[in-house]
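Coordinates from final.cif are shown below (mmCIF, C-alpha atoms).
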```cif
data_entry
loop_
_atom_site.label_atom_id
_atom_site.label_comp_id
_atom_site.auth_asym_id
_atom_site.auth_seq_id
_atom_site.Cartn_x
_atom_site.Cartn_y
_atom_site.Cartn_z
CA MET A 1 13.14 56.79 -18.08
CA VAL A 2 11.98 54.04 -15.70
CA LYS A 3 11.48 55.02 -12.08
CA VAL A 4 13.07 51.91 -10.59
CA GLU A 5 12.70 53.12 -7.01
CA GLY A 6 8.88 53.35 -7.09
CA LEU A 7 8.43 50.17 -9.11
CA ASP A 8 10.63 48.23 -6.75
CA LYS A 9 8.31 49.16 -3.89
CA LEU A 10 5.23 48.16 -5.86
CA MET A 11 6.87 44.86 -6.75
CA ALA A 12 7.71 44.18 -3.11
CA GLU A 13 3.99 44.37 -2.32
CA HIS A 14 3.10 41.67 -4.86
CA PRO A 15 2.93 38.09 -3.49
CA PHE A 16 5.10 36.76 -6.31
CA PHE A 17 8.10 38.75 -5.07
CA GLN A 18 7.65 38.03 -1.38
CA GLY A 19 10.91 36.97 0.20
CA MET A 20 13.00 37.99 -2.81
CA ASP A 21 16.12 39.89 -1.85
CA GLU A 22 16.14 43.59 -2.58
CA ALA A 23 19.04 43.47 -5.04
CA SER A 24 17.29 40.91 -7.24
CA ARG A 25 14.08 42.87 -7.11
CA LYS A 26 15.83 46.07 -8.09
CA THR A 27 17.47 44.31 -11.01
CA LEU A 28 14.08 43.10 -12.23
CA ALA A 29 12.55 46.52 -11.64
CA GLY A 30 14.91 47.82 -14.31
CA CYS A 31 12.74 45.97 -16.85
CA ALA A 32 9.43 46.90 -15.22
CA ARG A 33 6.58 49.22 -16.04
CA ASN A 34 3.47 50.17 -14.09
CA GLU A 35 0.36 49.89 -16.27
CA ARG A 36 -3.41 50.03 -16.10
CA PHE A 37 -6.05 48.62 -18.42
CA GLY A 38 -9.70 49.58 -18.61
CA ALA A 39 -12.54 47.05 -18.64
CA GLY A 40 -12.65 45.38 -22.05
CA ASP A 41 -9.09 46.30 -23.06
CA TYR A 42 -7.11 43.51 -24.66
CA ILE A 43 -3.72 43.11 -23.01
CA ALA A 44 -2.56 40.33 -25.32
CA ASN A 45 -3.74 38.54 -28.43
CA GLU A 46 -3.20 34.92 -29.42
CA GLY A 47 -0.27 34.47 -31.81
CA LYS A 48 1.22 37.92 -31.20
CA PRO A 49 4.73 38.28 -29.76
CA ALA A 50 4.85 37.85 -26.00
CA GLU A 51 6.94 40.88 -25.21
CA ARG A 52 5.90 41.39 -21.60
CA PHE A 53 4.59 39.42 -18.68
CA TYR A 54 2.36 40.69 -15.94
CA PHE A 55 1.76 40.81 -12.21
CA ILE A 56 -1.78 41.85 -11.23
CA ARG A 57 -1.82 44.48 -8.49
CA SER A 58 -5.59 44.84 -8.59
CA GLY A 59 -8.39 43.87 -10.93
CA THR A 60 -9.37 40.85 -13.00
CA VAL A 61 -8.28 39.54 -16.37
CA ALA A 62 -9.85 36.81 -18.48
CA LEU A 63 -7.86 34.26 -20.46
CA GLU A 64 -9.88 33.44 -23.51
CA PHE A 65 -9.80 31.58 -26.78
CA HIS A 66 -11.32 33.02 -29.88
CA LEU A 67 -13.70 30.50 -31.43
CA PRO A 68 -14.99 30.81 -34.98
CA SER A 69 -18.55 30.02 -33.91
CA ASN A 70 -18.46 32.11 -30.81
CA ASP A 71 -17.51 35.46 -29.40
CA GLY A 72 -14.84 33.90 -27.26
CA LEU A 73 -14.58 31.24 -24.62
CA VAL A 74 -13.26 32.36 -21.23
CA ILE A 75 -11.24 29.54 -19.72
CA GLU A 76 -9.92 31.23 -16.61
CA THR A 77 -9.99 34.50 -14.72
CA LEU A 78 -7.08 35.80 -12.68
CA HIS A 79 -7.18 38.31 -9.87
CA ASP A 80 -5.16 40.47 -7.48
CA GLY A 81 -1.81 38.96 -6.63
CA GLU A 82 -1.70 36.57 -9.60
CA VAL A 83 0.61 36.52 -12.63
CA PHE A 84 0.08 35.82 -16.30
CA GLY A 85 2.01 35.65 -19.53
CA TRP A 86 4.80 33.10 -19.27
CA SER A 87 4.89 32.80 -23.07
CA TRP A 88 7.93 35.06 -22.74
CA MET A 89 9.83 32.06 -21.31
CA VAL A 90 9.12 29.58 -24.09
CA PRO A 91 10.14 29.96 -27.76
CA PRO A 92 8.75 31.16 -30.11
CA TYR A 93 7.60 33.70 -27.47
CA GLU A 94 4.04 34.09 -28.71
CA TRP A 95 0.83 34.48 -26.72
CA ALA A 96 -1.14 31.24 -26.49
CA TYR A 97 -4.51 32.97 -25.96
CA ASP A 98 -6.15 36.37 -25.68
CA ILE A 99 -6.04 38.25 -22.39
CA ARG A 100 -8.72 40.81 -21.63
CA ALA A 101 -9.19 43.10 -18.65
CA VAL A 102 -12.60 42.31 -17.16
CA GLU A 103 -12.52 45.42 -15.00
CA LEU A 104 -10.07 48.23 -14.34
CA THR A 105 -6.85 46.31 -13.81
CA ARG A 106 -3.53 47.59 -12.50
CA VAL A 107 -0.44 45.58 -13.26
CA ILE A 108 3.31 45.65 -13.15
CA SER A 109 4.74 44.34 -16.40
CA LEU A 110 8.26 43.20 -17.15
CA GLU A 111 9.77 43.57 -20.60
CA ALA A 112 10.81 40.15 -21.87
CA THR A 113 13.88 40.97 -23.98
CA CYS A 114 15.34 43.10 -21.19
CA LEU A 115 14.66 40.33 -18.73
CA ARG A 116 16.12 37.52 -20.83
CA LYS A 117 19.34 39.54 -21.21
CA LYS A 118 19.60 40.03 -17.47
CA LEU A 119 18.89 36.40 -16.69
CA LYS A 120 21.56 35.21 -19.13
CA LYS A 121 24.11 37.26 -17.22
CA ASP A 122 22.81 36.36 -13.79
CA ASN A 123 22.02 32.65 -13.53
CA ALA A 124 21.20 32.88 -9.84
CA LEU A 125 18.50 35.43 -10.57
CA GLY A 126 17.22 33.21 -13.37
CA PHE A 127 17.00 30.27 -10.97
CA GLU A 128 15.24 32.45 -8.41
CA LEU A 129 12.68 33.64 -10.94
CA TYR A 130 12.03 30.22 -12.45
CA SER A 131 11.69 28.70 -8.97
CA ARG A 132 8.86 31.13 -8.37
CA PHE A 133 7.23 30.55 -11.71
CA VAL A 134 7.18 26.75 -11.61
CA PRO A 135 4.76 26.43 -8.63
CA VAL A 136 2.43 28.95 -10.28
CA MET A 137 2.53 26.95 -13.50
CA ALA A 138 1.99 23.68 -11.63
CA LYS A 139 -1.05 25.08 -9.88
CA ARG A 140 -2.46 26.43 -13.13
CA LEU A 141 -1.88 23.07 -14.81
CA SER A 142 -3.64 21.29 -11.96
CA SER A 143 -6.63 23.62 -12.31
CA ALA A 144 -6.75 23.02 -16.05
CA ARG A 145 -6.74 19.27 -15.47
CA GLN A 146 -9.57 19.60 -12.98
CA GLN A 147 -11.56 21.52 -15.57
CA LEU A 148 -10.93 18.73 -18.06
CA THR A 149 -12.71 16.27 -15.78
CA ASP A 150 -15.99 18.16 -16.35
CA MET A 151 -16.59 17.42 -12.71
CA TYR A 152 -20.08 18.89 -12.50
CA GLY A 153 -21.38 16.95 -15.48
CA LYS A 154 -23.84 14.10 -15.14
CA SER A 155 -22.16 11.09 -13.61
CA MET B 1 -40.56 1.80 5.94
CA THR B 2 -43.84 2.33 4.07
CA PRO B 3 -43.94 5.35 1.76
CA VAL B 4 -46.37 8.06 2.82
CA PRO B 5 -48.34 9.73 0.01
CA PHE B 6 -47.37 13.35 -0.63
CA THR B 7 -48.88 15.79 -3.11
CA VAL B 8 -46.81 17.94 -5.45
CA THR B 9 -47.91 21.48 -4.62
CA LYS B 10 -45.34 23.24 -6.78
CA ARG B 11 -42.86 22.36 -9.49
CA THR B 12 -40.13 24.88 -10.26
CA PRO B 13 -37.74 24.42 -13.17
CA GLU B 14 -34.21 25.29 -12.04
CA LEU B 15 -31.92 24.32 -14.94
CA ALA B 16 -32.37 22.46 -18.21
CA ASP B 17 -32.22 19.11 -16.39
CA THR B 18 -32.95 20.15 -12.81
CA PHE B 19 -36.18 21.01 -11.05
CA THR B 20 -37.56 21.53 -7.55
CA LEU B 21 -40.63 19.85 -6.12
CA GLU B 22 -42.56 21.19 -3.18
CA LEU B 23 -44.50 18.45 -1.40
CA THR B 24 -47.16 18.35 1.31
CA PRO B 25 -48.69 15.29 2.99
CA ALA B 26 -51.65 14.08 0.94
CA ALA B 27 -53.56 13.32 4.15
CA GLY B 28 -53.09 16.86 5.41
CA GLY B 29 -50.96 18.11 8.29
CA VAL B 30 -47.32 19.03 8.02
CA ALA B 31 -44.28 17.22 6.72
CA PRO B 32 -41.95 15.74 9.34
CA SER B 33 -39.16 17.99 10.57
CA PHE B 34 -35.65 17.31 9.34
CA LEU B 35 -32.04 18.26 9.97
CA PRO B 36 -29.87 20.00 7.34
CA GLY B 37 -28.16 17.36 5.23
CA GLN B 38 -30.76 14.61 5.62
CA PHE B 39 -32.51 12.95 2.70
CA ASN B 40 -35.83 11.32 1.82
CA MET B 41 -36.59 8.35 -0.39
CA LEU B 42 -38.94 9.58 -3.11
CA TYR B 43 -41.09 6.96 -4.76
CA ALA B 44 -42.41 7.54 -8.28
CA PHE B 45 -45.31 5.07 -8.29
CA GLY B 46 -44.72 2.21 -10.64
CA VAL B 47 -41.20 3.27 -11.49
CA GLY B 48 -39.05 3.16 -8.38
CA GLU B 49 -37.49 4.98 -5.46
CA VAL B 50 -34.53 7.36 -5.25
CA PRO B 51 -32.71 9.06 -2.37
CA ILE B 52 -32.92 12.85 -2.68
CA SER B 53 -31.52 15.36 -0.21
CA ILE B 54 -33.91 17.80 1.37
CA SER B 55 -33.12 21.30 0.14
CA GLY B 56 -35.71 23.39 1.97
CA ASP B 57 -35.41 25.51 5.07
CA PRO B 58 -35.40 23.36 8.24
CA ALA B 59 -37.11 26.17 10.14
CA HIS B 60 -40.08 25.97 7.76
CA SER B 61 -40.57 22.26 7.56
CA GLY B 62 -44.32 22.27 6.90
CA THR B 63 -43.58 21.28 3.33
CA LEU B 64 -40.79 19.21 1.83
CA ILE B 65 -38.58 20.76 -0.82
CA HIS B 66 -36.40 18.62 -3.07
CA THR B 67 -34.21 19.78 -5.92
CA ILE B 68 -33.73 16.91 -8.35
CA ARG B 69 -31.59 16.33 -11.40
CA ASP B 70 -33.10 14.23 -14.16
CA VAL B 71 -30.46 11.53 -14.59
CA GLY B 72 -32.32 8.20 -14.59
CA ALA B 73 -35.67 6.47 -14.92
CA VAL B 74 -37.04 7.48 -11.52
CA THR B 75 -35.84 11.07 -11.58
CA ASN B 76 -37.17 11.33 -15.13
CA ALA B 77 -40.57 10.12 -13.91
CA LEU B 78 -40.41 12.70 -11.09
CA SER B 79 -39.49 15.40 -13.59
CA ARG B 80 -42.72 14.77 -15.50
CA LEU B 81 -44.99 15.20 -12.45
CA LYS B 82 -47.30 18.19 -12.43
CA LYS B 83 -48.92 20.09 -9.60
CA GLY B 84 -51.45 17.85 -7.86
CA ALA B 85 -49.64 14.59 -8.64
CA GLN B 86 -48.78 12.22 -5.83
CA ILE B 87 -45.58 10.45 -4.88
CA GLY B 88 -44.51 8.31 -1.95
CA VAL B 89 -42.05 9.63 0.62
CA ARG B 90 -40.01 7.82 3.27
CA GLY B 91 -37.79 9.71 5.63
CA PRO B 92 -36.05 11.80 6.67
CA PHE B 93 -32.96 9.62 6.91
CA GLY B 94 -29.27 9.94 7.60
CA SER B 95 -26.81 12.19 9.37
CA ALA B 96 -26.76 15.97 9.30
CA TRP B 97 -24.35 18.83 8.77
CA PRO B 98 -22.93 19.69 12.23
CA VAL B 99 -24.42 23.17 12.36
CA VAL B 100 -24.61 23.21 16.16
CA GLU B 101 -21.03 21.95 16.64
CA ALA B 102 -19.88 24.67 14.22
CA GLU B 103 -21.16 27.48 16.42
CA GLY B 104 -18.33 29.81 17.40
CA SER B 105 -16.25 28.87 14.34
CA ASP B 106 -15.93 30.27 10.87
CA VAL B 107 -18.08 28.19 8.53
CA VAL B 108 -17.12 27.54 4.94
CA ILE B 109 -19.63 26.01 2.55
CA ILE B 110 -18.13 24.62 -0.65
CA ALA B 111 -20.54 23.29 -3.24
CA GLY B 112 -20.22 22.06 -6.79
CA GLY B 113 -23.06 21.70 -9.29
CA ILE B 114 -26.23 20.31 -7.77
CA GLY B 115 -24.27 19.83 -4.51
CA LEU B 116 -25.60 23.20 -3.43
CA ALA B 117 -29.04 21.64 -2.86
CA PRO B 118 -28.11 19.46 0.16
CA LEU B 119 -26.20 22.40 1.65
CA ARG B 120 -29.00 24.93 1.34
CA PRO B 121 -30.72 23.85 4.58
CA ALA B 122 -27.41 24.34 6.42
CA ILE B 123 -27.01 27.77 4.85
CA ASN B 124 -30.55 28.67 5.89
CA HIS B 125 -29.89 27.52 9.43
CA ILE B 126 -26.64 29.46 9.74
CA LEU B 127 -28.17 32.63 8.31
CA ALA B 128 -31.10 32.32 10.72
CA ASN B 129 -28.62 32.06 13.59
CA ARG B 130 -25.92 34.25 12.09
CA THR B 131 -24.56 35.77 15.30
CA LYS B 132 -23.58 32.34 16.61
CA TYR B 133 -20.95 31.88 13.91
CA GLY B 134 -17.75 33.58 12.84
CA ARG B 135 -17.00 34.46 9.23
CA PHE B 136 -19.47 32.76 6.92
CA VAL B 137 -18.23 31.81 3.48
CA ILE B 138 -20.16 30.22 0.59
CA LEU B 139 -18.11 29.07 -2.41
CA TYR B 140 -19.88 27.62 -5.40
CA GLY B 141 -18.67 26.12 -8.66
CA ALA B 142 -20.75 25.24 -11.70
CA ARG B 143 -20.08 24.11 -15.23
CA SER B 144 -21.20 27.37 -16.85
CA PRO B 145 -23.29 30.41 -15.86
CA ALA B 146 -26.38 28.68 -17.28
CA ASP B 147 -25.71 25.68 -15.03
CA ALA B 148 -25.52 27.63 -11.77
CA LEU B 149 -28.21 26.56 -9.31
CA TYR B 150 -30.25 28.91 -7.08
CA VAL B 151 -28.83 32.01 -8.75
CA LYS B 152 -31.34 34.40 -7.15
CA GLN B 153 -30.58 33.00 -3.73
CA LEU B 154 -26.84 33.23 -4.29
CA GLN B 155 -27.36 36.88 -5.20
CA SER B 156 -29.47 37.42 -2.10
CA TRP B 157 -26.87 35.77 0.16
CA ARG B 158 -24.12 37.79 -1.49
CA GLY B 159 -26.13 40.94 -0.79
CA ARG B 160 -25.87 40.38 2.94
CA LEU B 161 -23.14 42.29 4.73
CA ASP B 162 -22.33 39.33 6.98
CA THR B 163 -21.80 36.64 4.34
CA TYR B 164 -19.02 36.16 1.78
CA VAL B 165 -20.20 34.49 -1.42
CA ASP B 166 -18.00 33.68 -4.39
CA VAL B 167 -19.03 31.80 -7.51
CA THR B 168 -17.00 30.36 -10.34
CA VAL B 169 -17.75 28.46 -13.53
CA ASP B 170 -15.59 26.12 -15.59
CA HIS B 171 -16.09 28.12 -18.76
CA ALA B 172 -18.10 31.09 -19.92
CA GLY B 173 -18.67 33.50 -22.75
CA ARG B 174 -17.47 37.08 -22.82
CA ASP B 175 -20.73 38.33 -21.35
CA TRP B 176 -19.87 36.71 -18.00
CA ALA B 177 -18.03 39.12 -15.72
CA GLY B 178 -17.59 36.65 -12.86
CA ASN B 179 -14.90 34.10 -12.05
CA VAL B 180 -13.86 31.35 -14.43
CA GLY B 181 -11.86 28.44 -13.07
CA VAL B 182 -12.27 25.56 -10.67
CA VAL B 183 -13.92 26.03 -7.30
CA THR B 184 -10.68 25.24 -5.49
CA ARG B 185 -9.26 28.53 -6.81
CA LEU B 186 -11.77 30.43 -4.67
CA ILE B 187 -10.60 28.95 -1.38
CA GLY B 188 -7.40 30.92 -0.93
CA ARG B 189 -9.19 34.24 -1.44
CA ALA B 190 -12.01 33.55 1.03
CA ASN B 191 -10.00 34.80 3.97
CA PHE B 192 -11.30 32.53 6.74
CA ASP B 193 -9.40 31.28 9.76
CA ALA B 194 -8.17 27.87 8.62
CA HIS B 195 -7.50 26.81 12.22
CA HIS B 196 -10.95 27.75 13.51
CA ALA B 197 -13.24 26.81 10.69
CA LYS B 198 -15.72 24.05 9.93
CA VAL B 199 -15.96 23.26 6.24
CA PHE B 200 -19.00 21.57 4.67
CA ILE B 201 -18.45 20.20 1.16
CA CYS B 202 -20.91 18.71 -1.28
CA GLY B 203 -20.43 17.97 -4.93
CA PRO B 204 -19.05 15.28 -7.18
CA GLU B 205 -16.51 13.12 -5.36
CA ILE B 206 -13.66 14.26 -7.57
CA MET B 207 -14.42 17.88 -6.75
CA MET B 208 -14.48 17.07 -3.03
CA ARG B 209 -11.07 15.36 -3.30
CA PHE B 210 -9.46 18.37 -4.97
CA THR B 211 -11.15 20.69 -2.48
CA ILE B 212 -9.94 18.73 0.53
CA LYS B 213 -6.38 18.81 -0.78
CA GLU B 214 -6.55 22.58 -1.13
CA LEU B 215 -7.97 22.91 2.38
CA ALA B 216 -5.24 20.67 3.79
CA ASP B 217 -2.61 22.88 2.12
CA LEU B 218 -4.14 25.84 3.96
CA GLY B 219 -3.94 24.01 7.28
CA VAL B 220 -7.57 23.02 7.83
CA ALA B 221 -7.68 19.93 10.10
CA LYS B 222 -9.27 16.77 8.71
CA ASP B 223 -11.77 16.60 11.55
CA ASP B 224 -13.02 20.08 10.69
CA ILE B 225 -14.02 18.98 7.21
CA TYR B 226 -17.39 17.36 6.49
CA VAL B 227 -18.48 15.83 3.23
CA SER B 228 -21.78 14.51 1.92
CA MET B 229 -21.35 11.15 0.22
CA GLU B 230 -23.49 9.54 -2.40
CA ARG B 231 -23.87 5.84 -3.15
CA ASN B 232 -26.60 3.54 -4.39
CA MET B 233 -29.02 3.82 -1.46
CA LYS B 234 -32.03 1.51 -1.48
CA CYS B 235 -33.50 0.68 1.93
CA ALA B 236 -32.20 3.87 3.65
CA VAL B 237 -31.94 2.17 7.03
CA GLY B 238 -28.72 0.17 6.72
CA HIS B 239 -30.24 -3.27 6.07
CA CYS B 240 -29.86 -3.96 2.37
CA GLY B 241 -26.16 -3.17 2.06
CA HIS B 242 -26.40 -1.47 -1.32
CA CYS B 243 -24.70 1.68 -0.05
CA GLN B 244 -22.02 -0.01 2.00
CA PHE B 245 -18.85 2.06 2.04
CA GLY B 246 -16.13 0.16 3.86
CA GLY B 247 -17.48 -0.34 7.36
CA HIS B 248 -20.16 2.31 6.89
CA PHE B 249 -23.57 2.50 5.34
CA ILE B 250 -23.98 5.82 3.57
CA CYS B 251 -27.74 5.87 4.23
CA LYS B 252 -27.48 5.33 7.98
CA ASP B 253 -24.01 6.53 9.03
CA GLY B 254 -23.99 9.27 6.39
CA PRO B 255 -24.59 10.88 4.02
CA VAL B 256 -22.69 13.54 5.98
CA PHE B 257 -19.35 12.28 7.30
CA GLU B 258 -16.47 13.85 9.10
CA TYR B 259 -13.72 13.55 6.51
CA ALA B 260 -11.27 12.05 9.01
CA ARG B 261 -13.61 9.02 9.38
CA ILE B 262 -13.64 8.13 5.71
CA GLU B 263 -10.36 9.52 4.41
CA SER B 264 -8.76 6.11 3.84
CA LEU B 265 -11.89 4.78 2.08
CA LEU B 266 -11.92 7.64 -0.42
CA GLN B 267 -8.53 6.46 -1.61
CA VAL B 268 -9.68 2.90 -2.26
CA ARG B 269 -10.22 2.51 -5.98
CA GLY B 270 -13.51 1.06 -7.07
CA LEU B 271 -15.14 1.39 -3.66
#
```

Could I get this file's structure written as structure tokens?
Amino acid sequence: MVKVEGLDKLMAEHPFFQGMDEASRKTLAGCARNERFGAGDYIANEGKPAERFYFIRSGTVALEFHLPSNDGLVIETLHDGEVFGWSWMVPPYEWAYDIRAVELTRVISLEATCLRKKLKKDNALGFELYSRFVPVMAKRLSSARQQLTDMYGKS
Amino acid sequence: MTPVPFTVTKRTPELADTFTLELTPAAGGVAPSFLPGQFNMLYAFGVGEVPISISGDPAHSGTLIHTIRDVGAVTNALSRLKKGAQIGVRGPFGSAWPVVEAEGSDVVIIAGGIGLAPLRPAINHILANRTKYGRFVILYGARSPADALYVKQLQSWRGRLDTYVDVTVDHAGRDWAGNVGVVTRLIGRANFDAHHAKVFICGPEIMMRFTIKELADLGVAKDDIYVSMERNMKCAVGHCGHCQFGGHFICKDGPVFEYARIESLLQVRGL
């Protein structure tokens, strides 16, 4: 049984949900779970179904690619107040990379199937959620493009 | 305008392609004093001259310290010098980081790659006069953990209770427990007062552009941002025109500029 009341309060403290009306938040909290991962735990693996997405309350996670010749290449770290795992939004709903907790990490996660059902019924909530996701995605895309420039390389 | 002979008293390898030279006047005495952000022209005899920022402590200016990246013929010649070798030095030249004007404000240092070297004298000055400043933030981005400059010093600065230091790299292996991502991602977490801060930036121009945009989004005023520019400096006194940048000469009017003065020029393609 999900304790919606407590999760709703935790969600309200996360920057992603700032300014969201209480009713919407409570609806989303119905799909939520409070979780913690120890340092080194894998939260997601490339190619596996993206069944949840995550809001970091505290801690650090690393987004990494597994390379045949290497242990793994970390391409980004995310910290308190950030979100990860929008593979749940895009078919075929599979993780695009591995996600590992670098240190003890506390998150709120939302279950994707539950969420998709709710958003199909409530388009306004869907719009609200996507409006919050798009700026995050745009910022992440901009960072990735900056990394592509290899800006510290020899010029 | 005539190079003065200096002797290499120490050569320290920093990274695979980067090294630091410590220089003292060959005729004895002490090296001329300098301001944080200024540069010298270093002359590898028979090869040529290059502008290199001074990266030592301005309070201990008896010797000259230059951190140099081996990227061309002259820097390659400098990289092969051993203790006891001589080079020619002209300088110091150029404008300085406004460390005195920044007193009373938060100070944010943002460096990328070897851009930490020209900022180190400013960091030294601020740390030596720490009580005159508000929150002091140092943000540094490098290509990978192995490419991070002055690692021991970054650790030492981070160990101080009055200085916030955050470092990020573009990519890393699993054995790296620090940040991965662009340096701009560190800015929002640094928790300084955007309306009462002076920001000093040095790094590749593209990194400075992205950084300035992020700072503007936070509300930092353009005239509180200072950048160190790099162009093809030759004479170092504004005569030859090689480093002309719009109506400015980087060697004489810079290398440190208030961003508001050169904002429009940074958007001119090919300049």

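Taking atom CA of A:Val107 and atom CA of A:Ala50 as the two end points, the separation is 15.8 Å.
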
Item to complete: Identify all chain B residues at most 12 Å from chain A by counting only C-alpha atoms; ligands do not count. Present them as a ChimeraX atom specification.
Response: /B:17-18,69-72,111-116,140-145,147-149,167-186,188-189,202-211,213-214,230-231

Worksheet item: Can you tell me, as a PyMOL selection string, what residues are no more than 12 Å from A:Trp86 when counting only C-alpha atoms, ignoring any on the same chain fewer than 2 positions away?
Response: chain A and resi 44+49-55+83-84+88-97+109-112+129-130+132-134+136-137+140

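Straight-line separation from atom CA of A:Ala32 to atom CA of A:Leu7: 7.0 Å.
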
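The space between atom CA of A:Glu46 and atom CA of A:Asp98 spans 5.0 Å.
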
Fill in: Ground truth for the PyMOL selection byres ((chain B and resi 247) around 12), written as a list in words
Gly238, Gly241, Cys243, Gln244, Phe245, Gly246, His248, Phe249, Ile250, Lys252, Asp253, Gly254, Arg261, Ile262, Ser264, Leu265 and Leu271 of chain B

Would you export the selected residues with C-alpha atoms as a short mmCIF file (atom, residue, chain, number, x, y, z; two decimals), in the frame of the given file, please?
```cif
data_model
loop_
_atom_site.label_atom_id
_atom_site.label_comp_id
_atom_site.auth_asym_id
_atom_site.auth_seq_id
_atom_site.Cartn_x
_atom_site.Cartn_y
_atom_site.Cartn_z
CA GLY B 238 -28.72 0.17 6.72
CA GLY B 241 -26.16 -3.17 2.06
CA CYS B 243 -24.70 1.68 -0.05
CA GLN B 244 -22.02 -0.01 2.00
CA PHE B 245 -18.85 2.06 2.04
CA GLY B 246 -16.13 0.16 3.86
CA HIS B 248 -20.16 2.31 6.89
CA PHE B 249 -23.57 2.50 5.34
CA ILE B 250 -23.98 5.82 3.57
CA LYS B 252 -27.48 5.33 7.98
CA ASP B 253 -24.01 6.53 9.03
CA GLY B 254 -23.99 9.27 6.39
CA ARG B 261 -13.61 9.02 9.38
CA ILE B 262 -13.64 8.13 5.71
CA SER B 264 -8.76 6.11 3.84
CA LEU B 265 -11.89 4.78 2.08
CA LEU B 271 -15.14 1.39 -3.66
#
```

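Picked by the PyMOL selection byres ((chain B and resi 235) around 10) from the coordinates shown: Met1, Met41, Glu49, Val50, Pro51, Arg90, Asn232, Met233, Lys234, Ala236, Val237, Gly238, His239, Cys240, Gly241, His242, Cys243, Cys251 and Lys252 of chain B.
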
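Residue membership of the PyMOL selection byres ((chain A and resi 28) around 10) in the shown file amounts to Val4, Leu7, Asp8, Met11, Glu22, Ala23, Ser24, Arg25, Lys26, Thr27, Ala29, Gly30, Cys31, Ala32, Leu110, Glu111, Cys114, Leu115, Lys118, Leu119, Leu125 and Leu129 of chain A.
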
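The environment of stretch 194-200 of chain B within 8 Å, counting only C-alpha atoms and disregarding residues fewer than 5 places along the same chain, consists of Trp97, Ala102, Ser105, Asp106, Val107, Val108, Ile109, Ile110, Leu119, Leu215, Leu218, Gly219, Val220, Ala221, Asp224, Ile225, Tyr226 and Val227 of chain B.
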
Fill in: Shell around B:Phe39 at 6 Å using only C-alpha atoms, local window under 2 positions removed, as a VMD selection string
chain B and resid 52 to 54 92 to 93
